Amino acid sequence: MHNNVFSWAIIGAGPAGIAAVGKLIDIGIDPKKIAWIDPEFKAGDFGTRWRKVSSNTRVKLFTKFFESCVSFKYASSPNFDIKEINSSKTCLLTYAADPLQWITDHLKITVHSIEGKVQHLKLYDRNWHLNVGNMKLQANNVILATGAEPKSLSFPGIDEINLNVALDPDRLALACEKEDTIAVFGSSHSAIIIIKALLEICSVKKVINFYLSPLRYAVYLDDSILFDDTGLKGNAAIWARENIDGKLPAKLERVISNEENIREILPLCTKAIYATGFQKRLIPIEGMHSLEYNDRSGIIAPGLFGFGIAFPEAKTDRFGTLEYRVGLWKFIEYIDKVLPVWLKYGA
């Protein structure tokens with residue numbers, strides 16, 4: 001096989017990219033026919049941005065991810081701190097990031113890994129052509145595991161504290177002054193742990209939480225989890241029940257995020273944090289206006305598939321609630337379902 005022609009190219013080395021590489025090796029794809037492309041190979045944003053975030057995932061599900069691929073070789077891994085944490089508890093993401101990095105390091109030398117960014121993709125002569133810096137590659141199939149960036153509302157005239165900073169308590173404390181009134185937009189897991197940190201660690205003057213809907217909590221049933229992907233879990237849920245749906249702290253005000261409140265109340269704030277979700281990172285693809293994907297199969301085009309937080313699986317629970325599934329173990333469950341389809345849907 002030509003040096004720059006591969007069976008599969010995986011773009012991105014976060015948890016979804018790691019899962020994709022592991023599963024392809026496990027089903028028998030020659031590792032040397034797999035091109036794995038990432039600028040850093042540091043477990044994506046999970047490993048570089050979110051280590052100090054309190055997870056909403058129980059330790060046992062992280063462990064199931066690590067053990068899900070023979071090619072991960074987790075059975076022979078060092079004695080990571082996460083192995084000592086109660087499996088039914090949640091933890092800081094850094095405890096899961098360390099095993100992900102260890103898995104990445106040995107997968108990286110197993111496949112053909114390329115440090116760089118994909119600038120352009122096009123389908124030509126039934127192969128996908130990728131430009132990575134000055135390098136040109138071809139692949140029969142491409143998996144986009146490119147991750148997502150935090151959305152920003154960017155109201156004019158108010159300083160924004162980036163979500164990457166806001167979710168790191170130490171950096172957040174440095175970004176705030178004691179006389180600050182901070183606007184926090186959102187009522188998700190991220191928004192709650194940011195509000196908690198602002199009140200307990202940063203000691204700001206006031207926090208005003210702009211929200212659209214009541215808080216939602218995950219409920220553990222015998223065979224499933226209600227609001228598994230949108231409900232609060234772990235420490236965030238405990239704190240929210242006591243301090244938002246319970247007794248509101250003196251320095252916290254909550255208002256509906258409508259035009260009137262934004263016009264009248266937002267100008268009272270000195271800084272704003274937008275915990276309002278994520279949007280997929282885009283790679284220019286010739287002949288495609290946007291990256292639309294089938295949210296049950298991950299198919300974007302023949303031989304081109306989306307996977308991970310940027311292309312989550314849509315699933316309706318038994319109560320009819322549609323949610324988009326994001327999480328390490330959920331990625332494994334999803335790729336187990338769709339990979340047999342991907343193998344048959346090349347160009």
# chains A, B, ... in the order shown; residues from 1 in each chain; ligands from 1

$ select_by_dssp --residues "range 88-207 of chain A" --states "strand (DSSP E or B)" --output "PyMOL selection string"
chain A and resi 92+112-115+118-124+127-132+135-144+148-150+159-160+181-185+206-207

$ residues_around --residues "Asn140 in chain A" --least-positions-apart "3" --cutoff "10 Å" --atoms "only C-alpha atoms" --output "JSON, numbers by chain"
{"A": [5, 6, 7, 8, 9, 123, 126, 127, 128, 129, 302, 303, 304, 346, 347]}

$ closest_atom_pairs --of "range 86-183 of chain A" --to "range 198-222 of chain A" --cutoff "9 Å" --atoms "only C-alpha atoms" --output "JSON lines"
{"residue": "A:Ala166", "atom": "CA", "partner": "A:Leu198", "partner_atom": "CA", "distance": 8.9}
{"residue": "A:Pro169", "atom": "CA", "partner": "A:Ile201", "partner_atom": "CA", "distance": 7.3}
{"residue": "A:Asp170", "atom": "CA", "partner": "A:Ile201", "partner_atom": "CA", "distance": 8.6}
{"residue": "A:Leu172", "atom": "CA", "partner": "A:Cys202", "partner_atom": "CA", "distance": 7.4}
{"residue": "A:Ala173", "atom": "CA", "partner": "A:Cys202", "partner_atom": "CA", "distance": 4.9}
{"residue": "A:Leu174", "atom": "CA", "partner": "A:Cys202", "partner_atom": "CA", "distance": 8.3}
{"residue": "A:Cys176", "atom": "CA", "partner": "A:Cys202", "partner_atom": "CA", "distance": 6.8}
{"residue": "A:Glu177", "atom": "CA", "partner": "A:Val204", "partner_atom": "CA", "distance": 6.4}
{"residue": "A:Lys178", "atom": "CA", "partner": "A:Val204", "partner_atom": "CA", "distance": 4.4}
{"residue": "A:Glu179", "atom": "CA", "partner": "A:Lys205", "partner_atom": "CA", "distance": 5.0}
{"residue": "A:Asp180", "atom": "CA", "partner": "A:Lys205", "partner_atom": "CA", "distance": 5.5}
{"residue": "A:Thr181", "atom": "CA", "partner": "A:Lys206", "partner_atom": "CA", "distance": 4.6}
{"residue": "A:Ile182", "atom": "CA", "partner": "A:Val207", "partner_atom": "CA", "distance": 4.9}
{"residue": "A:Ala183", "atom": "CA", "partner": "A:Ile208", "partner_atom": "CA", "distance": 4.8}

$ closest_residue --among "A:Gly47, A:Pro284, A:Gly116, A:Pro340" --to "Thr94 in chain A" --atoms "only C-alpha atoms"
A:Gly47
